[in-house]
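Q: What follows is run00.txt, compact mmCIF, C-alpha atoms.
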# COMPACT_ATOMS: atom_id res chain seq x y z
CA MET A 29 0.31 20.15 23.08
CA ALA A 30 -1.55 16.84 22.86
CA SER A 31 0.23 13.90 24.44
CA ASP A 32 -0.09 11.91 21.20
CA ALA A 33 1.48 14.67 19.06
CA LYS A 34 4.26 13.56 16.73
CA ARG A 35 7.67 14.48 18.11
CA ILE A 36 10.14 16.20 15.79
CA LEU A 37 13.80 16.97 16.45
CA LEU A 38 14.73 20.12 14.51
CA VAL A 39 18.49 20.62 14.09
CA GLU A 40 19.39 23.98 12.51
CA ASP A 41 22.18 26.35 13.55
CA GLU A 42 20.57 29.50 12.10
CA LYS A 43 18.20 30.64 14.84
CA ALA A 44 15.93 32.62 12.52
CA ILE A 45 15.34 29.58 10.31
CA ARG A 46 14.97 27.28 13.31
CA ASP A 47 12.40 29.54 14.95
CA ALA A 48 10.42 30.02 11.72
CA VAL A 49 10.27 26.28 10.96
CA ALA A 50 9.41 25.46 14.59
CA ALA A 51 6.55 27.99 14.52
CA TYR A 52 5.05 26.41 11.39
CA LEU A 53 5.39 22.91 12.83
CA ASP A 54 3.88 24.02 16.16
CA ARG A 55 0.84 25.37 14.31
CA GLU A 56 0.42 21.96 12.67
CA GLY A 57 0.23 20.34 16.09
CA TYR A 58 3.69 18.77 16.19
CA TRP A 59 5.83 18.63 19.34
CA VAL A 60 9.13 20.25 18.37
CA VAL A 61 12.54 20.27 20.05
CA GLY A 62 14.93 22.69 18.34
CA VAL A 63 18.72 22.63 18.76
CA GLY A 64 21.54 24.53 17.09
CA ASP A 65 24.49 22.13 16.85
CA GLY A 66 25.27 18.50 16.14
CA LYS A 67 26.31 17.54 19.66
CA ALA A 68 23.06 18.89 21.13
CA ALA A 69 21.17 16.93 18.46
CA VAL A 70 22.78 13.66 19.50
CA ASP A 71 22.18 14.43 23.18
CA GLU A 72 18.47 15.16 22.59
CA PHE A 73 18.06 12.09 20.39
CA GLU A 74 19.45 9.90 23.16
CA LYS A 75 17.12 11.48 25.76
CA HIS A 76 13.81 11.38 23.87
CA LYS A 77 11.95 9.22 21.38
CA PHE A 78 11.35 11.19 18.17
CA ASP A 79 9.07 10.37 15.24
CA LEU A 80 11.07 12.43 12.72
CA VAL A 81 14.34 14.39 12.51
CA ILE A 82 14.86 17.55 10.43
CA LEU A 83 18.63 17.86 10.12
CA ASP A 84 20.82 20.63 8.70
CA LEU A 85 24.13 19.39 7.29
CA MET A 86 26.37 22.38 8.01
CA LEU A 87 26.41 22.38 11.81
CA PRO A 88 28.92 23.38 14.51
CA LYS A 89 30.51 20.75 16.79
CA LEU A 90 29.26 17.76 14.77
CA SER A 91 28.29 17.86 11.09
CA GLY A 92 24.84 16.82 9.98
CA GLU A 93 26.38 13.90 8.08
CA ARG A 94 27.98 12.71 11.32
CA VAL A 95 24.73 13.12 13.26
CA CYS A 96 22.86 11.13 10.60
CA LYS A 97 25.44 8.33 10.78
CA ILE A 98 25.24 8.22 14.59
CA ILE A 99 21.44 7.95 14.45
CA ARG A 100 21.58 5.14 11.88
CA ASP A 101 24.38 3.37 13.77
CA LYS A 102 21.98 3.23 16.71
CA GLN A 103 19.78 1.08 14.45
CA SER A 104 17.12 3.76 14.40
CA ALA A 105 14.79 3.88 11.39
CA VAL A 106 13.39 7.31 12.34
CA PRO A 107 12.68 9.33 9.16
CA ILE A 108 15.27 12.02 8.48
CA ILE A 109 14.75 15.10 6.31
CA MET A 110 17.99 16.90 5.54
CA LEU A 111 18.20 20.70 5.24
CA THR A 112 21.24 22.22 3.58
CA ALA A 113 22.63 25.01 1.47
CA LYS A 114 24.53 22.38 -0.50
CA GLY A 115 22.70 22.13 -3.81
CA GLU A 116 24.92 19.87 -5.89
CA VAL A 117 23.47 16.53 -6.93
CA GLU A 118 26.42 14.64 -5.44
CA ASP A 119 25.83 16.31 -2.05
CA ARG A 120 22.21 15.16 -2.14
CA ILE A 121 23.22 11.62 -3.05
CA ILE A 122 25.78 11.49 -0.23
CA GLY A 123 23.12 12.55 2.27
CA LEU A 124 20.67 9.94 1.02
CA GLU A 125 23.31 7.21 1.09
CA LEU A 126 24.00 8.07 4.73
CA GLY A 127 20.39 7.14 5.45
CA ALA A 128 18.34 10.31 4.96
CA ASP A 129 14.81 9.83 3.64
CA ASP A 130 14.34 13.25 2.07
CA TYR A 131 16.40 16.29 1.15
CA ILE A 132 15.45 19.97 0.80
CA VAL A 133 17.82 22.71 -0.34
CA LYS A 134 17.97 26.19 1.15
CA PRO A 135 16.40 28.63 0.62
CA PHE A 136 13.11 26.81 1.06
CA SER A 137 9.57 27.63 2.07
CA PRO A 138 8.61 26.51 5.59
CA ARG A 139 5.23 25.58 4.11
CA GLU A 140 6.95 23.21 1.67
CA LEU A 141 8.89 21.64 4.52
CA VAL A 142 5.70 21.16 6.54
CA ALA A 143 4.09 19.53 3.48
CA ARG A 144 7.01 17.13 3.22
CA VAL A 145 6.73 16.32 6.93
CA ARG A 146 3.04 15.53 6.49
CA ALA A 147 3.81 13.38 3.45
CA MET A 148 6.48 11.50 5.40
CA PHE A 149 4.03 10.68 8.20
CA ARG A 150 1.34 9.66 5.69
CA ARG A 151 3.71 7.21 4.02
CA ALA A 152 4.67 5.75 7.39
CA HIS A 153 1.03 5.02 8.28
CA VAL A 154 -0.45 3.70 5.01
CA GLU A 155 -2.52 0.62 5.75
CA PRO A 156 -0.80 -2.43 4.25
CA GLU A 157 -2.48 -4.52 1.56
CA VAL A 158 -1.03 -7.69 3.07
CA ASP A 159 0.55 -8.36 6.43
CA VAL A 160 3.55 -10.51 5.49
CA LEU A 161 5.48 -11.18 2.28
CA ASP A 162 7.39 -14.43 2.77
CA PHE A 163 10.13 -15.28 0.28
CA GLY A 164 11.95 -17.88 2.36
CA GLU A 165 15.28 -16.30 3.27
CA LEU A 166 13.65 -12.86 3.07
CA VAL A 167 10.52 -12.06 5.09
CA ILE A 168 8.84 -8.65 4.92
CA ASP A 169 6.43 -8.08 7.82
CA ILE A 170 4.58 -5.03 6.52
CA SER A 171 2.19 -4.51 9.41
CA GLY A 172 5.04 -4.95 11.91
CA HIS A 173 7.44 -2.84 9.81
CA LYS A 174 10.03 -5.59 10.15
CA ILE A 175 12.50 -7.26 7.77
CA LEU A 176 14.11 -10.66 8.36
CA VAL A 177 16.98 -12.11 6.33
CA ASP A 178 17.85 -15.68 7.31
CA GLY A 179 15.79 -15.12 10.45
CA LYS A 180 17.74 -12.04 11.53
CA ASP A 181 16.30 -8.53 11.85
CA VAL A 182 17.50 -5.97 9.32
CA ASP A 183 17.02 -2.29 10.17
CA LEU A 184 15.79 -0.15 7.29
CA THR A 185 14.86 3.50 7.10
CA ALA A 186 11.22 4.35 6.41
CA SER A 187 11.95 5.06 2.74
CA GLU A 188 14.04 1.92 2.30
CA PHE A 189 11.27 -0.19 3.82
CA LYS A 190 8.61 1.42 1.59
CA LEU A 191 10.76 0.89 -1.49
CA LEU A 192 11.37 -2.79 -0.74
CA ALA A 193 7.71 -3.42 0.08
CA THR A 194 6.59 -1.65 -3.11
CA LEU A 195 8.86 -3.77 -5.30
CA ALA A 196 8.20 -7.03 -3.44
CA ARG A 197 4.41 -6.76 -3.66
CA HIS A 198 4.71 -7.38 -7.41
CA PRO A 199 7.66 -9.72 -8.13
CA GLY A 200 8.82 -9.51 -11.73
CA ARG A 201 7.22 -6.12 -12.39
CA VAL A 202 9.62 -3.46 -13.62
CA TYR A 203 9.21 -0.02 -12.03
CA ASN A 204 10.87 3.00 -13.59
CA ARG A 205 12.62 5.42 -11.26
CA MET A 206 9.98 8.13 -11.36
CA GLU A 207 7.24 5.59 -10.53
CA LEU A 208 9.25 4.62 -7.48
CA VAL A 209 9.88 8.26 -6.52
CA GLU A 210 6.13 8.88 -6.56
CA LYS A 211 5.21 5.67 -4.71
CA VAL A 212 7.97 5.81 -2.11
CA LEU A 213 8.37 9.55 -1.54
CA GLY A 214 4.74 10.42 -2.15
CA TYR A 215 5.33 13.46 -4.38
CA ASP A 216 7.51 14.71 -7.22
CA PHE A 217 10.86 14.79 -5.45
CA GLU A 218 12.06 17.64 -7.68
CA GLY A 219 12.76 15.02 -10.34
CA TYR A 220 15.78 13.59 -8.53
CA GLU A 221 15.52 10.08 -9.93
CA ARG A 222 18.94 9.19 -8.52
CA THR A 223 17.34 9.32 -5.09
CA ILE A 224 15.99 5.84 -5.83
CA ASP A 225 19.42 4.59 -6.92
CA SER A 226 20.79 5.63 -3.53
CA HIS A 227 18.01 3.84 -1.64
CA VAL A 228 18.50 0.68 -3.75
CA LYS A 229 22.24 0.76 -3.05
CA ASN A 230 21.54 1.00 0.68
CA LEU A 231 18.96 -1.78 0.51
CA ARG A 232 21.33 -4.12 -1.28
CA ALA A 233 24.04 -3.50 1.30
CA LYS A 234 21.69 -4.14 4.23
CA LEU A 235 20.09 -7.24 2.67
CA GLY A 236 23.42 -8.67 1.54
CA ASP A 237 22.22 -8.67 -2.09
CA ASP A 238 25.24 -8.53 -4.41
CA PRO A 239 24.39 -6.17 -7.32
CA ARG A 240 26.67 -8.20 -9.62
CA HIS A 241 24.80 -11.42 -8.79
CA PRO A 242 21.47 -10.25 -7.34
CA LYS A 243 19.05 -12.53 -5.58
CA TRP A 244 16.16 -10.11 -5.04
CA LEU A 245 16.83 -6.61 -6.41
CA PHE A 246 17.56 -6.42 -10.13
CA THR A 247 18.53 -3.38 -12.18
CA VAL A 248 16.75 -3.03 -15.52
CA HIS A 249 19.24 -0.84 -17.37
CA GLY A 250 17.80 2.32 -18.84
CA VAL A 251 14.49 1.75 -17.05
CA GLY A 252 14.55 1.07 -13.30
CA TYR A 253 14.29 -1.90 -10.96
CA ARG A 254 12.39 -5.11 -10.32
CA PHE A 255 12.14 -7.57 -7.43
CA GLU A 256 12.47 -11.32 -7.99
CA ALA A 257 11.75 -14.17 -5.60
CA PRO A 258 14.06 -17.11 -6.31
CA ALA A 259 11.89 -20.07 -7.28
CA GLN A 260 13.49 -22.40 -4.75
CA GLU A 261 12.57 -19.95 -1.94
CA LYS A 262 8.90 -19.46 -2.79
CA LYS A 263 6.57 -21.11 -0.32
CA SER A 264 4.52 -23.97 -1.73
CA ASP A 265 0.90 -24.78 -1.02
CA GLU A 266 1.57 -28.48 -1.49
Starting from the file, give its structure as C-alpha cells.

A:
Amino acid sequence: MASDAKRILLVEDEKAIRDAVAAYLDREGYWVVGVGDGKAAVDEFEKHKFDLVILDLMLPKLSGERVCKIIRDKQSAVPIIMLTAKGEVEDRIIGLELGADDYIVKPFSPRELVARVRAMFRRAHVEPEVDVLDFGELVIDISGHKILVDGKDVDLTASEFKLLATLARHPGRVYNRMELVEKVLGYDFEGYERTIDSHVKNLRAKLGDDPRHPKWLFTVHGVGYRFEAPAQEKKSDE
C-alpha cells in the first residue's frame, strides 16, 4: 500500500459485510482498518489519523451514533459515511444531525459505497475559486478549510463547510434544496432533500446564527436557502 494512500476506518459488526467492503476499498488503493464494535472504533480513531470513517449505526459496546458524537466532540471534521439497516427518514436525519456527511441504507452495493467514497474525496479536494471570503465577523478561508466567527475557529464537517462556501460565494442567490444536494454531496443523494435542512441546522448552531433572526443563513420558504452578508460587515475598498 502506498504511503500516501487515503486512510479509512471501517466500522461494521457483520464480518461478511466488513470483509467485502474492505476488499473493494483495498482494490481502489485505500488503506483500510476494519473493526467490529464501537469501542474498538474509538480506540483506533484515537491511535491513527484517518481521512474518512465508514460507520455502522447498530454496533455492540458503543452505538454508531455515540461513536459519531465522540468523533465530532473531538473537533474532528473527518468525513463520516453512515451504514445502517435503519431506513426511516427520521433515522437518516438524526444521523446527519449528529454530524455524518452521508448515509447509505443496507442492503447496499459495495460498488455504490466505493463510488460515494470517491465522491467524498473529490469534494474535499476541489480547487477553490477564491482563497478567502471575508464578511467581517465571519471569515471563510476556503484554501485553508477554516472558518472564523469573531476571530475564533469554528469546526465544521466537510459537508457543512462545502455547503457554507457554496452559499457564501454568491450572497443573495437563492439555492433550492436539490441544487445544494448536487453541489454539496456531488450526486443525487437518493432525493433526500431534508439532508440539506439537517446540515443548515448544524451550521446555524455552530455559527451562532439564530434561525428566527438570521444574520447569514436565510430560509426561503418553499424553495431553499440563501446567504446574506450584512451591509455593515462588508469590507470596503475606500

Q: Fewer than 5 positions away in the same chain doesn't count, so skip those; otherwise give me all residues within 12 Å of Asp130 in chain A, counting all atoms listed in the file, as a ChimeraX atom specification.

A: /A:80-84,106-112,120-125,141,144-145,147-148,185-188,209,212-218,220,223-224,226-227

Q: So which residues fall inside 12 Å of (26.4, -1.6, -1.6) if we count only C-alpha atoms? Mind giving them as a count of residues only?

A: 20

Q: Go through A:Phe255, A:Phe78, A:Phe136, A:Phe189 one by one, measure the shortest atom-to-atom distance of each to Ser171 in chain A using all atoms listed in the file, and give the residue with the smallest value.

A: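 Looking only at the distances to Ser171 in chain A, the closest residue turns out to be A:Phe189.
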
Q: Can you work out which one of A:Gly172, A:Gly62, A:Gly127, A:Pro199 has the shortest atom-to-atom distance to Arg94 in chain A, counting all atoms listed in the file?

A: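 Among the listed residues, the smallest separation from Arg94 in chain A belongs to A:Gly127.
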
Q: Using all atoms listed in the file, which protein or nucleic acid residues come within 9 Å of Gly179 in chain A? Drop anything in the same chain fewer than 5 positions from it, and give the result as a CSV table (one decimal) with C-alpha atoms, in the coordinates of the input.

A:
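Below is the file around.csv, written as the result:
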chain,number,residue,atom,x,y,z
A,165,GLU,CA,15.3,-16.3,3.3
A,166,LEU,CA,13.6,-12.9,3.1
A,167,VAL,CA,10.5,-12.1,5.1

Q: Take range 236-254 of chain A, model N, CA, C and O atoms, and hand the result over as a PDB file, in the frame of the given file.

A:
ATOM      1  N   GLY A 236      22.373  -7.761   1.984  1.00  0.00           N
ATOM      2  CA  GLY A 236      23.420  -8.670   1.540  1.00  0.00           C
ATOM      3  C   GLY A 236      23.169  -9.162   0.125  1.00  0.00           C
ATOM      4  O   GLY A 236      23.515 -10.301  -0.218  1.00  0.00           O
ATOM      5  N   ASP A 237      22.574  -8.315  -0.725  1.00  0.00           N
ATOM      6  CA  ASP A 237      22.220  -8.670  -2.090  1.00  0.00           C
ATOM      7  C   ASP A 237      23.276  -8.094  -3.036  1.00  0.00           C
ATOM      8  O   ASP A 237      23.311  -6.889  -3.278  1.00  0.00           O
ATOM      9  N   ASP A 238      24.131  -8.951  -3.564  1.00  0.00           N
ATOM     10  CA  ASP A 238      25.240  -8.530  -4.410  1.00  0.00           C
ATOM     11  C   ASP A 238      24.701  -8.002  -5.739  1.00  0.00           C
ATOM     12  O   ASP A 238      24.058  -8.741  -6.487  1.00  0.00           O
ATOM     13  N   PRO A 239      24.929  -6.713  -6.070  1.00  0.00           N
ATOM     14  CA  PRO A 239      24.390  -6.170  -7.320  1.00  0.00           C
ATOM     15  C   PRO A 239      24.922  -6.860  -8.568  1.00  0.00           C
ATOM     16  O   PRO A 239      24.280  -6.855  -9.614  1.00  0.00           O
ATOM     17  N   ARG A 240      26.117  -7.493  -8.462  1.00  0.00           N
ATOM     18  CA  ARG A 240      26.670  -8.200  -9.620  1.00  0.00           C
ATOM     19  C   ARG A 240      25.996  -9.551  -9.824  1.00  0.00           C
ATOM     20  O   ARG A 240      25.909 -10.047 -10.943  1.00  0.00           O
ATOM     21  N   HIS A 241      25.523 -10.140  -8.726  1.00  0.00           N
ATOM     22  CA  HIS A 241      24.800 -11.420  -8.790  1.00  0.00           C
ATOM     23  C   HIS A 241      23.588 -11.323  -7.866  1.00  0.00           C
ATOM     24  O   HIS A 241      23.534 -11.982  -6.822  1.00  0.00           O
ATOM     25  N   PRO A 242      22.597 -10.508  -8.246  1.00  0.00           N
ATOM     26  CA  PRO A 242      21.470 -10.250  -7.340  1.00  0.00           C
ATOM     27  C   PRO A 242      20.581 -11.458  -7.119  1.00  0.00           C
ATOM     28  O   PRO A 242      20.424 -12.312  -7.995  1.00  0.00           O
ATOM     29  N   LYS A 243      20.018 -11.493  -5.941  1.00  0.00           N
ATOM     30  CA  LYS A 243      19.050 -12.530  -5.580  1.00  0.00           C
ATOM     31  C   LYS A 243      17.637 -11.968  -5.616  1.00  0.00           C
ATOM     32  O   LYS A 243      16.699 -12.644  -6.016  1.00  0.00           O
ATOM     33  N   TRP A 244      17.481 -10.710  -5.157  1.00  0.00           N
ATOM     34  CA  TRP A 244      16.160 -10.110  -5.040  1.00  0.00           C
ATOM     35  C   TRP A 244      15.992  -8.831  -5.852  1.00  0.00           C
ATOM     36  O   TRP A 244      14.981  -8.655  -6.514  1.00  0.00           O
ATOM     37  N   LEU A 245      16.961  -7.927  -5.780  1.00  0.00           N
ATOM     38  CA  LEU A 245      16.830  -6.610  -6.410  1.00  0.00           C
ATOM     39  C   LEU A 245      17.638  -6.539  -7.696  1.00  0.00           C
ATOM     40  O   LEU A 245      18.871  -6.585  -7.660  1.00  0.00           O
ATOM     41  N   PHE A 246      16.923  -6.413  -8.814  1.00  0.00           N
ATOM     42  CA  PHE A 246      17.560  -6.420 -10.130  1.00  0.00           C
ATOM     43  C   PHE A 246      17.443  -5.051 -10.791  1.00  0.00           C
ATOM     44  O   PHE A 246      16.380  -4.414 -10.745  1.00  0.00           O
ATOM     45  N   THR A 247      18.540  -4.611 -11.400  1.00  0.00           N
ATOM     46  CA  THR A 247      18.530  -3.380 -12.180  1.00  0.00           C
ATOM     47  C   THR A 247      18.096  -3.694 -13.602  1.00  0.00           C
ATOM     48  O   THR A 247      18.603  -4.647 -14.218  1.00  0.00           O
ATOM     49  N   VAL A 248      17.153  -2.930 -14.124  1.00  0.00           N
ATOM     50  CA  VAL A 248      16.750  -3.030 -15.520  1.00  0.00           C
ATOM     51  C   VAL A 248      17.346  -1.793 -16.198  1.00  0.00           C
ATOM     52  O   VAL A 248      16.815  -0.687 -16.053  1.00  0.00           O
ATOM     53  N   HIS A 249      18.457  -1.959 -16.878  1.00  0.00           N
ATOM     54  CA  HIS A 249      19.240  -0.840 -17.370  1.00  0.00           C
ATOM     55  C   HIS A 249      18.421   0.046 -18.306  1.00  0.00           C
ATOM     56  O   HIS A 249      17.727  -0.427 -19.202  1.00  0.00           O
ATOM     57  N   GLY A 250      18.520   1.356 -18.049  1.00  0.00           N
ATOM     58  CA  GLY A 250      17.800   2.320 -18.840  1.00  0.00           C
ATOM     59  C   GLY A 250      16.348   2.485 -18.452  1.00  0.00           C
ATOM     60  O   GLY A 250      15.639   3.327 -19.003  1.00  0.00           O
ATOM     61  N   VAL A 251      15.897   1.693 -17.464  1.00  0.00           N
ATOM     62  CA  VAL A 251      14.490   1.750 -17.050  1.00  0.00           C
ATOM     63  C   VAL A 251      14.365   1.972 -15.545  1.00  0.00           C
ATOM     64  O   VAL A 251      13.951   3.029 -15.078  1.00  0.00           O
ATOM     65  N   GLY A 252      14.733   0.963 -14.748  1.00  0.00           N
ATOM     66  CA  GLY A 252      14.550   1.070 -13.300  1.00  0.00           C
ATOM     67  C   GLY A 252      14.935  -0.217 -12.596  1.00  0.00           C
ATOM     68  O   GLY A 252      16.026  -0.768 -12.824  1.00  0.00           O
ATOM     69  N   TYR A 253      14.000  -0.739 -11.788  1.00  0.00           N
ATOM     70  CA  TYR A 253      14.290  -1.900 -10.960  1.00  0.00           C
ATOM     71  C   TYR A 253      13.114  -2.865 -10.902  1.00  0.00           C
ATOM     72  O   TYR A 253      11.960  -2.474 -11.109  1.00  0.00           O
ATOM     73  N   ARG A 254      13.442  -4.124 -10.577  1.00  0.00           N
ATOM     74  CA  ARG A 254      12.390  -5.110 -10.320  1.00  0.00           C
ATOM     75  C   ARG A 254      12.842  -6.009  -9.172  1.00  0.00           C
ATOM     76  O   ARG A 254      14.042  -6.124  -8.888  1.00  0.00           O
TER      77      ARG A 254
END
